[in-house]
>>> print(open('my_file31.pdb').read())   # PDB, C-alpha atoms
ATOM      1  CA  MET A   1      -3.738 -22.863  -9.182
ATOM      2  CA  ILE A   2      -6.128 -19.889  -9.396
ATOM      3  CA  VAL A   3      -9.404 -20.368  -7.523
ATOM      4  CA  LYS A   4     -12.578 -18.564  -8.584
ATOM      5  CA  LEU A   5     -14.281 -16.695  -5.735
ATOM      6  CA  GLU A   6     -18.011 -16.026  -5.521
ATOM      7  CA  PRO A   7     -19.219 -12.619  -4.258
ATOM      8  CA  ASN A   8     -21.305 -14.038  -1.421
ATOM      9  CA  ASP A   9     -18.789 -16.623  -0.230
ATOM     10  CA  LEU A  10     -16.471 -14.865   2.221
ATOM     11  CA  TYR A  11     -13.318 -16.965   2.241
ATOM     12  CA  PHE A  12      -9.907 -17.338   0.604
ATOM     13  CA  PRO A  13      -8.184 -20.596  -0.344
ATOM     14  CA  ASP A  14      -4.699 -21.417   0.889
ATOM     15  CA  PRO A  15      -2.364 -18.960  -0.919
ATOM     16  CA  HIS A  16       0.561 -21.393  -0.712
ATOM     17  CA  TYR A  17      -0.822 -23.145  -3.803
ATOM     18  CA  GLY A  18      -0.885 -20.029  -5.977
ATOM     19  CA  GLU A  19       1.342 -19.051  -8.878
ATOM     20  CA  GLU A  20       4.961 -18.016  -8.437
ATOM     21  CA  ASN A  21       4.108 -14.303  -8.617
ATOM     22  CA  GLY A  22       1.546 -14.701  -5.824
ATOM     23  CA  LEU A  23      -1.664 -14.764  -7.861
ATOM     24  CA  PHE A  24      -3.944 -17.403  -6.370
ATOM     25  CA  ALA A  25      -7.596 -16.296  -6.695
ATOM     26  CA  ALA A  26      -9.920 -14.229  -8.880
ATOM     27  CA  GLY A  27     -13.401 -12.804  -8.459
ATOM     28  CA  GLY A  28     -15.260 -12.167  -5.237
ATOM     29  CA  ASP A  29     -15.930  -8.577  -4.243
ATOM     30  CA  LEU A  30     -14.376  -5.547  -2.562
ATOM     31  CA  SER A  31     -16.531  -5.492   0.558
ATOM     32  CA  ILE A  32     -14.985  -4.193   3.769
ATOM     33  CA  ASP A  33     -15.215  -7.652   5.352
ATOM     34  CA  ARG A  34     -13.417  -9.316   2.448
ATOM     35  CA  LEU A  35     -10.702  -6.673   2.293
ATOM     36  CA  LEU A  36     -10.044  -6.919   6.024
ATOM     37  CA  LEU A  37      -9.916 -10.705   5.780
ATOM     38  CA  ALA A  38      -7.510 -10.364   2.865
ATOM     39  CA  TYR A  39      -5.050  -7.921   4.441
ATOM     40  CA  SER A  40      -5.045  -9.784   7.760
ATOM     41  CA  ASN A  41      -3.675 -12.761   5.797
ATOM     42  CA  GLY A  42      -1.230 -10.839   3.603
ATOM     43  CA  ILE A  43      -3.548 -10.857   0.572
ATOM     44  CA  PHE A  44      -4.228  -7.840  -1.638
ATOM     45  CA  PRO A  45      -6.394  -7.144  -4.712
ATOM     46  CA  TRP A  46      -5.040  -6.038  -8.070
ATOM     47  CA  TYR A  47      -6.783  -5.159 -11.312
ATOM     48  CA  SER A  48      -4.630  -5.799 -14.355
ATOM     49  CA  PHE A  49      -6.855  -3.700 -16.642
ATOM     50  CA  ARG A  50     -10.177  -1.863 -16.618
ATOM     51  CA  ASP A  51     -12.580  -4.776 -17.183
ATOM     52  CA  SER A  52     -10.638  -7.611 -15.596
ATOM     53  CA  PRO A  53     -11.991  -9.577 -12.628
ATOM     54  CA  ILE A  54     -10.511  -8.810  -9.224
ATOM     55  CA  LEU A  55      -7.202 -10.645  -8.945
ATOM     56  CA  TRP A  56      -5.959 -11.616  -5.485
ATOM     57  CA  TYR A  57      -2.246 -11.901  -4.726
ATOM     58  CA  CYS A  58      -0.315 -13.298  -1.783
ATOM     59  CA  PRO A  59       3.390 -13.692  -2.656
ATOM     60  CA  MET A  60       5.360 -16.115  -0.527
ATOM     61  CA  ASP A  61       8.383 -13.821  -0.909
ATOM     62  CA  ARG A  62       7.433 -10.464   0.628
ATOM     63  CA  PHE A  63       9.050  -7.103   0.004
ATOM     64  CA  VAL A  64       8.806  -4.837   3.042
ATOM     65  CA  ILE A  65      10.305  -1.830   4.764
ATOM     66  CA  PHE A  66      10.841  -1.808   8.504
ATOM     67  CA  PRO A  67      10.259   1.781   9.705
ATOM     68  CA  ASN A  68      13.406   1.849  11.826
ATOM     69  CA  GLU A  69      15.473   0.820   8.788
ATOM     70  CA  ILE A  70      14.305   3.516   6.368
ATOM     71  CA  HIS A  71      17.250   4.854   4.372
ATOM     72  CA  ILE A  72      17.371   8.635   4.001
ATOM     73  CA  SER A  73      19.944   9.707   1.438
ATOM     74  CA  HIS A  74      22.036  12.844   1.766
ATOM     75  CA  SER A  75      20.052  14.518  -1.029
ATOM     76  CA  MET A  76      16.752  13.720   0.710
ATOM     77  CA  ARG A  77      18.037  15.106   4.018
ATOM     78  CA  THR A  78      19.058  18.272   2.198
ATOM     79  CA  LEU A  79      15.586  18.571   0.650
ATOM     80  CA  MET A  80      13.911  17.975   4.013
ATOM     81  CA  ASN A  81      16.054  20.629   5.697
ATOM     82  CA  LYS A  82      15.010  23.249   3.148
ATOM     83  CA  GLY A  83      11.498  23.264   4.607
ATOM     84  CA  ILE A  84       9.828  23.619   1.220
ATOM     85  CA  HIS A  85       7.220  20.950   1.917
ATOM     86  CA  MET A  86       4.724  20.365   4.684
ATOM     87  CA  LEU A  87       3.742  16.773   5.448
ATOM     88  CA  THR A  88       0.491  15.625   7.019
ATOM     89  CA  PHE A  89      -1.021  12.292   7.983
ATOM     90  CA  ASN A  90      -4.541  11.333   6.971
ATOM     91  CA  GLN A  91      -5.727  14.860   6.205
ATOM     92  CA  ASP A  92      -6.946  14.422   2.618
ATOM     93  CA  PHE A  93      -7.295  10.738   1.773
ATOM     94  CA  GLU A  94      -9.688  11.386  -1.103
ATOM     95  CA  THR A  95      -7.342  13.712  -2.971
ATOM     96  CA  VAL A  96      -4.431  11.315  -2.553
ATOM     97  CA  ILE A  97      -6.302   8.268  -3.864
ATOM     98  CA  HIS A  98      -7.626  10.215  -6.850
ATOM     99  CA  HIS A  99      -4.106  11.356  -7.753
ATOM    100  CA  CYS A 100      -2.907   7.755  -7.470
ATOM    101  CA  SER A 101      -5.766   6.696  -9.735
ATOM    102  CA  GLN A 102      -4.719   9.181 -12.415
ATOM    103  CA  LEU A 103      -1.155   7.868 -12.249
ATOM    104  CA  ARG A 104      -2.244   4.259 -12.623
ATOM    105  CA  ILE A 105      -4.362   5.034 -15.671
ATOM    106  CA  GLN A 106      -1.049   5.729 -17.415
ATOM    107  CA  GLN A 107       0.511   2.445 -16.259
ATOM    108  CA  GLU A 108       0.002  -0.917 -17.920
ATOM    109  CA  GLY A 109      -1.035  -3.683 -15.537
ATOM    110  CA  ALA A 110      -2.377  -1.499 -12.729
ATOM    111  CA  TRP A 111      -5.963  -0.275 -12.684
ATOM    112  CA  LEU A 112      -7.388   1.875  -9.882
ATOM    113  CA  GLY A 113     -10.947   2.604 -10.975
ATOM    114  CA  ASP A 114     -14.113   3.845  -9.335
ATOM    115  CA  ASP A 115     -14.910   0.539  -7.611
ATOM    116  CA  MET A 116     -11.459   0.366  -6.015
ATOM    117  CA  ILE A 117     -11.639   4.021  -4.961
ATOM    118  CA  LYS A 118     -15.066   3.464  -3.400
ATOM    119  CA  ALA A 119     -13.844   0.388  -1.516
ATOM    120  CA  TYR A 120     -10.798   2.120  -0.039
ATOM    121  CA  MET A 121     -12.791   5.238   0.784
ATOM    122  CA  GLN A 122     -15.098   2.988   2.823
ATOM    123  CA  LEU A 123     -12.094   1.436   4.561
ATOM    124  CA  HIS A 124     -10.833   4.945   5.315
ATOM    125  CA  GLU A 125     -14.187   5.987   6.761
ATOM    126  CA  GLN A 126     -14.063   2.940   9.041
ATOM    127  CA  GLY A 127     -10.534   3.781  10.188
ATOM    128  CA  PHE A 128      -8.751   1.025   8.264
ATOM    129  CA  ALA A 129      -7.038   3.085   5.543
ATOM    130  CA  ALA A 130      -4.870   6.166   5.785
ATOM    131  CA  SER A 131      -2.872   8.577   3.677
ATOM    132  CA  VAL A 132       0.180  10.805   3.804
ATOM    133  CA  GLU A 133       0.048  14.159   2.035
ATOM    134  CA  VAL A 134       2.975  16.245   0.790
ATOM    135  CA  TRP A 135       2.108  19.910   0.407
ATOM    136  CA  GLU A 136       3.852  22.704  -1.470
ATOM    137  CA  GLU A 137       2.224  25.924  -0.330
ATOM    138  CA  ASN A 138      -1.518  25.075  -0.484
ATOM    139  CA  ARG A 139      -1.298  22.272  -3.061
ATOM    140  CA  ILE A 140      -0.841  18.539  -2.571
ATOM    141  CA  VAL A 141       2.135  17.537  -4.715
ATOM    142  CA  GLY A 142       2.663  13.979  -3.542
ATOM    143  CA  GLY A 143       1.518  11.302  -1.177
ATOM    144  CA  LEU A 144       0.626   7.701  -0.559
ATOM    145  CA  TYR A 145      -2.198   5.636   0.867
ATOM    146  CA  GLY A 146      -2.670   2.171   2.258
ATOM    147  CA  VAL A 147      -4.442  -0.064   4.738
ATOM    148  CA  THR A 148      -3.686   0.044   8.459
ATOM    149  CA  LEU A 149      -4.135  -3.090  10.569
ATOM    150  CA  GLY A 150      -2.523  -3.821  13.900
ATOM    151  CA  LYS A 151       1.086  -2.623  13.828
ATOM    152  CA  CYS A 152       1.422  -2.746  10.022
ATOM    153  CA  PHE A 153       0.790  -0.457   7.070
ATOM    154  CA  PHE A 154      -0.052  -2.145   3.772
ATOM    155  CA  GLY A 155       1.005   0.293   1.084
ATOM    156  CA  GLU A 156      -1.253   0.508  -1.951
ATOM    157  CA  SER A 157      -0.058   3.367  -4.123
ATOM    158  CA  MET A 158       1.941   6.603  -4.137
ATOM    159  CA  PHE A 159       2.362   9.559  -6.475
ATOM    160  CA  SER A 160       4.591  12.569  -7.088
ATOM    161  CA  LEU A 161       3.780  15.756  -8.962
ATOM    162  CA  VAL A 162       7.213  17.189  -8.117
ATOM    163  CA  PRO A 163      10.540  15.345  -7.750
ATOM    164  CA  ASN A 164      10.944  13.161  -4.632
ATOM    165  CA  ALA A 165       7.501  13.901  -3.162
ATOM    166  CA  SER A 166       6.600  10.225  -2.784
ATOM    167  CA  LYS A 167       9.960   9.599  -1.073
ATOM    168  CA  LEU A 168       9.170  12.358   1.412
ATOM    169  CA  ALA A 169       5.794  10.732   2.070
ATOM    170  CA  LEU A 170       7.390   7.334   2.722
ATOM    171  CA  ILE A 171      10.018   8.786   5.059
ATOM    172  CA  PHE A 172       7.321  10.657   6.981
ATOM    173  CA  LEU A 173       5.185   7.509   7.234
ATOM    174  CA  SER A 174       8.150   5.512   8.526
ATOM    175  CA  GLN A 175       8.925   8.123  11.165
ATOM    176  CA  ILE A 176       5.314   8.201  12.373
ATOM    177  CA  MET A 177       5.171   4.408  12.515
ATOM    178  CA  ASP A 178       8.466   4.124  14.374
ATOM    179  CA  GLU A 179       7.378   6.715  16.938
ATOM    180  CA  ASN A 180       4.136   4.798  17.536
ATOM    181  CA  GLY A 181       5.625   1.325  17.843
ATOM    182  CA  CYS A 182       4.466   0.066  14.441
ATOM    183  CA  VAL A 183       6.678  -2.535  12.855
ATOM    184  CA  MET A 184       6.296  -3.051   9.090
ATOM    185  CA  ILE A 185       5.328  -1.451   5.783
ATOM    186  CA  ASP A 186       4.207  -3.959   3.164
ATOM    187  CA  CYS A 187       5.408  -2.733  -0.238
ATOM    188  CA  GLN A 188       3.685  -5.521  -2.229
ATOM    189  CA  PHE A 189       6.266  -5.606  -5.046
ATOM    190  CA  GLU A 190       9.938  -4.646  -5.252
ATOM    191  CA  THR A 191      10.892  -1.495  -7.159
ATOM    192  CA  PRO A 192      14.308   0.205  -7.413
ATOM    193  CA  HIS A 193      12.753   3.249  -5.709
ATOM    194  CA  LEU A 194      11.675   1.220  -2.649
ATOM    195  CA  LYS A 195      14.811  -0.910  -2.508
ATOM    196  CA  SER A 196      16.975   2.212  -2.402
ATOM    197  CA  MET A 197      15.026   3.339   0.669
ATOM    198  CA  GLY A 198      15.660   0.191   2.667
ATOM    199  CA  GLY A 199      13.163  -2.313   1.330
ATOM    200  CA  ARG A 200      14.084  -5.988   1.653
ATOM    201  CA  HIS A 201      12.662  -9.462   1.200
ATOM    202  CA  ILE A 202      11.348 -11.700   3.956
ATOM    203  CA  SER A 203       9.438 -14.974   3.882
ATOM    204  CA  TYR A 204       5.645 -15.114   4.098
ATOM    205  CA  GLU A 205       5.971 -16.940   7.430
ATOM    206  CA  GLU A 206       8.093 -14.156   8.941
ATOM    207  CA  TYR A 207       5.812 -11.548   7.384
ATOM    208  CA  MET A 208       2.731 -13.046   9.050
ATOM    209  CA  LYS A 209       4.410 -12.863  12.468
ATOM    210  CA  TYR A 210       4.480  -9.075  12.106
ATOM    211  CA  VAL A 211       0.926  -8.927  10.742
ATOM    212  CA  ARG A 212      -0.354 -10.851  13.781
ATOM    213  CA  MET A 213       1.469  -8.695  16.355
ATOM    214  CA  GLU A 214      -0.784  -6.877  18.777
TER     215      GLU A 214
END
>>> encode(input="my_file31.pdb", output="structure tokens")
Amino acid sequence: MIVKLEPNDLYFPDPHYGEENGLFAAGGDLSIDRLLLAYSNGIFPWYSFRDSPILWYCPMDRFVIFPNEIHISHSMRTLMNKGIHMLTFNQDFETVIHHCSQLRIQQEGAWLGDDMIKAYMQLHEQGFAASVEVWEENRIVGGLYGVTLGKCFFGESMFSLVPNASKLALIFLSQIMDENGCVMIDCQFETPHLKSMGGRHISYEEYMKYVRME
């Protein structure tokens, strides 16, 4: 059952009664308070196309990467050892999210427009969203961004302008998280790319135990 949310009513219904793919609510707004409430309960927004209402998802089957389980292939280790790329954390969030937006424009079923960019920029300014940047000389050629709460990183989008740049960003993120005692990267949906790097499925109940860790 999909519940309609009103902009001024800050709540979410029980996501256990949503559709099989995790969709359980539509509408509401992208205020900081609503987004923080959402992510703290494993909920994330998704626009299916430019003029659609905000769709809220909370799958009961979660696809995640644990930082200490990240898989680094031989070819990726070789690339990393070449020293071609420099990686930074949270140095140019705006550029990263705009690159991700351009990528999503080309993808059916994933819209990252001005309202979403504004919302996540506000989260970033408040310290609740972060990015990883992959540089080649003085140009950003890849990266990712997401929401940071507690000991978890909720991945939103990634991009590559050169081969394997987004993989480098994910490896770098995992290493930073592992070094700082963080426990989980929420990948939202399974992809072959993420599965090959160590992503796996856990239940919503197990997932929420990590989200609530302090």
>>> resolve_selection(input="my_file31.pdb", expression="the PyMOL selection byres ((chain A and resi 137) around 8)", output="PDB file with C-alpha atoms, keeping the file's coordinate frame")
ATOM      1  CA  HIS A  85       7.220  20.950   1.917  1.00  0.00           C
ATOM      2  CA  MET A  86       4.724  20.365   4.684  1.00  0.00           C
ATOM      3  CA  TRP A 135       2.108  19.910   0.407  1.00  0.00           C
ATOM      4  CA  GLU A 136       3.852  22.704  -1.470  1.00  0.00           C
ATOM      5  CA  ASN A 138      -1.518  25.075  -0.484  1.00  0.00           C
ATOM      6  CA  ARG A 139      -1.298  22.272  -3.061  1.00  0.00           C
TER       7      ARG A 139
END
>>> residues_around(input="my_file31.pdb", residues="A:Phe93", least_positions_apart="4", cutoff="9 Å", atoms="all atoms listed in the file", output="PyMOL selection string")
chain A and resi 89+97-98+121+124+129-133+144-145
>>> residues_around(input="my_file31.pdb", residues="A:Asp9", least_positions_apart="5", cutoff="12 Å", atoms="all atoms listed in the file", output="VMD selection string")
chain A and resid 4 27 to 29 31 33 to 34
>>> resolve_selection(input="my_file31.pdb", expression="the PyMOL selection byres ((chain A and resi 165-181) around 10)", output="ChimeraX atom specification")
/A:65-72,76-77,79-80,85-89,131-136,140-145,151-153,155,157-164,182-185,193-194,197
>>> atom_distance(input="my_file31.pdb", atom1="atom CA of A:Leu30", atom2="atom CA of A:Gly199")
28.0 Å
>>> closest_residue(input="my_file31.pdb", among="A:Gly83, A:Asp92, A:Lys118, A:Phe12", to="A:Ser40", atoms="only C-alpha atoms")
A:Phe12
>>> build_atoms(input="my_file31.pdb", residues="stretch 150-177 of chain A", atoms="N, CA and C atoms", output="compact mmCIF listing (two decimals), keeping the file's coordinate frame")
# COMPACT_ATOMS: atom_id res chain seq x y z
N GLY A 150 -3.47 -3.48 12.85
CA GLY A 150 -2.52 -3.82 13.90
C GLY A 150 -1.34 -2.87 13.90
N LYS A 151 -0.14 -3.42 13.81
CA LYS A 151 1.09 -2.62 13.83
C LYS A 151 1.71 -2.49 12.44
N CYS A 152 0.90 -2.75 11.40
CA CYS A 152 1.42 -2.75 10.02
C CYS A 152 0.66 -1.78 9.13
N PHE A 153 1.38 -1.29 8.11
CA PHE A 153 0.79 -0.46 7.07
C PHE A 153 0.99 -1.18 5.75
N PHE A 154 -0.10 -1.42 5.04
CA PHE A 154 -0.05 -2.14 3.77
C PHE A 154 -0.17 -1.13 2.64
N GLY A 155 0.98 -0.75 2.09
CA GLY A 155 1.00 0.29 1.08
C GLY A 155 0.29 -0.12 -0.19
N GLU A 156 -0.51 0.78 -0.73
CA GLU A 156 -1.25 0.51 -1.95
C GLU A 156 -0.73 1.29 -3.15
N SER A 157 -0.52 2.57 -2.97
CA SER A 157 -0.06 3.37 -4.12
C SER A 157 0.53 4.69 -3.62
N MET A 158 1.37 5.30 -4.45
CA MET A 158 1.94 6.60 -4.14
C MET A 158 2.06 7.41 -5.43
N PHE A 159 2.22 8.71 -5.28
CA PHE A 159 2.36 9.56 -6.48
C PHE A 159 3.23 10.76 -6.15
N SER A 160 3.79 11.35 -7.20
CA SER A 160 4.59 12.57 -7.09
C SER A 160 4.25 13.50 -8.24
N LEU A 161 3.94 14.73 -7.93
CA LEU A 161 3.78 15.76 -8.96
C LEU A 161 5.03 16.62 -9.08
N VAL A 162 5.92 16.51 -8.09
CA VAL A 162 7.21 17.19 -8.12
C VAL A 162 8.26 16.15 -7.71
N PRO A 163 9.52 16.35 -8.06
CA PRO A 163 10.54 15.34 -7.75
C PRO A 163 10.61 15.01 -6.26
N ASN A 164 10.69 13.70 -5.98
CA ASN A 164 10.94 13.16 -4.63
C ASN A 164 9.79 13.30 -3.64
N ALA A 165 8.61 13.72 -4.11
CA ALA A 165 7.50 13.90 -3.16
C ALA A 165 7.06 12.58 -2.54
N SER A 166 7.03 11.51 -3.35
CA SER A 166 6.60 10.22 -2.78
C SER A 166 7.64 9.69 -1.80
N LYS A 167 8.92 10.00 -2.03
CA LYS A 167 9.96 9.60 -1.07
C LYS A 167 9.78 10.33 0.26
N LEU A 168 9.45 11.60 0.19
CA LEU A 168 9.17 12.36 1.41
C LEU A 168 8.01 11.74 2.18
N ALA A 169 6.97 11.33 1.44
CA ALA A 169 5.79 10.73 2.07
C ALA A 169 6.17 9.43 2.78
N LEU A 170 7.00 8.62 2.14
CA LEU A 170 7.39 7.33 2.72
C LEU A 170 8.28 7.53 3.96
N ILE A 171 9.17 8.49 3.90
CA ILE A 171 10.02 8.79 5.06
C ILE A 171 9.16 9.25 6.23
N PHE A 172 8.22 10.13 5.94
CA PHE A 172 7.32 10.66 6.98
C PHE A 172 6.49 9.54 7.59
N LEU A 173 5.95 8.66 6.74
CA LEU A 173 5.18 7.51 7.23
C LEU A 173 6.04 6.64 8.15
N SER A 174 7.26 6.35 7.73
CA SER A 174 8.15 5.51 8.53
C SER A 174 8.44 6.14 9.88
N GLN A 175 8.65 7.44 9.90
CA GLN A 175 8.93 8.12 11.16
C GLN A 175 7.73 8.07 12.10
N ILE A 176 6.53 8.28 11.56
CA ILE A 176 5.31 8.20 12.37
C ILE A 176 5.14 6.80 12.93
N MET A 177 5.34 5.79 12.07
CA MET A 177 5.17 4.41 12.52
C MET A 177 6.18 4.04 13.59
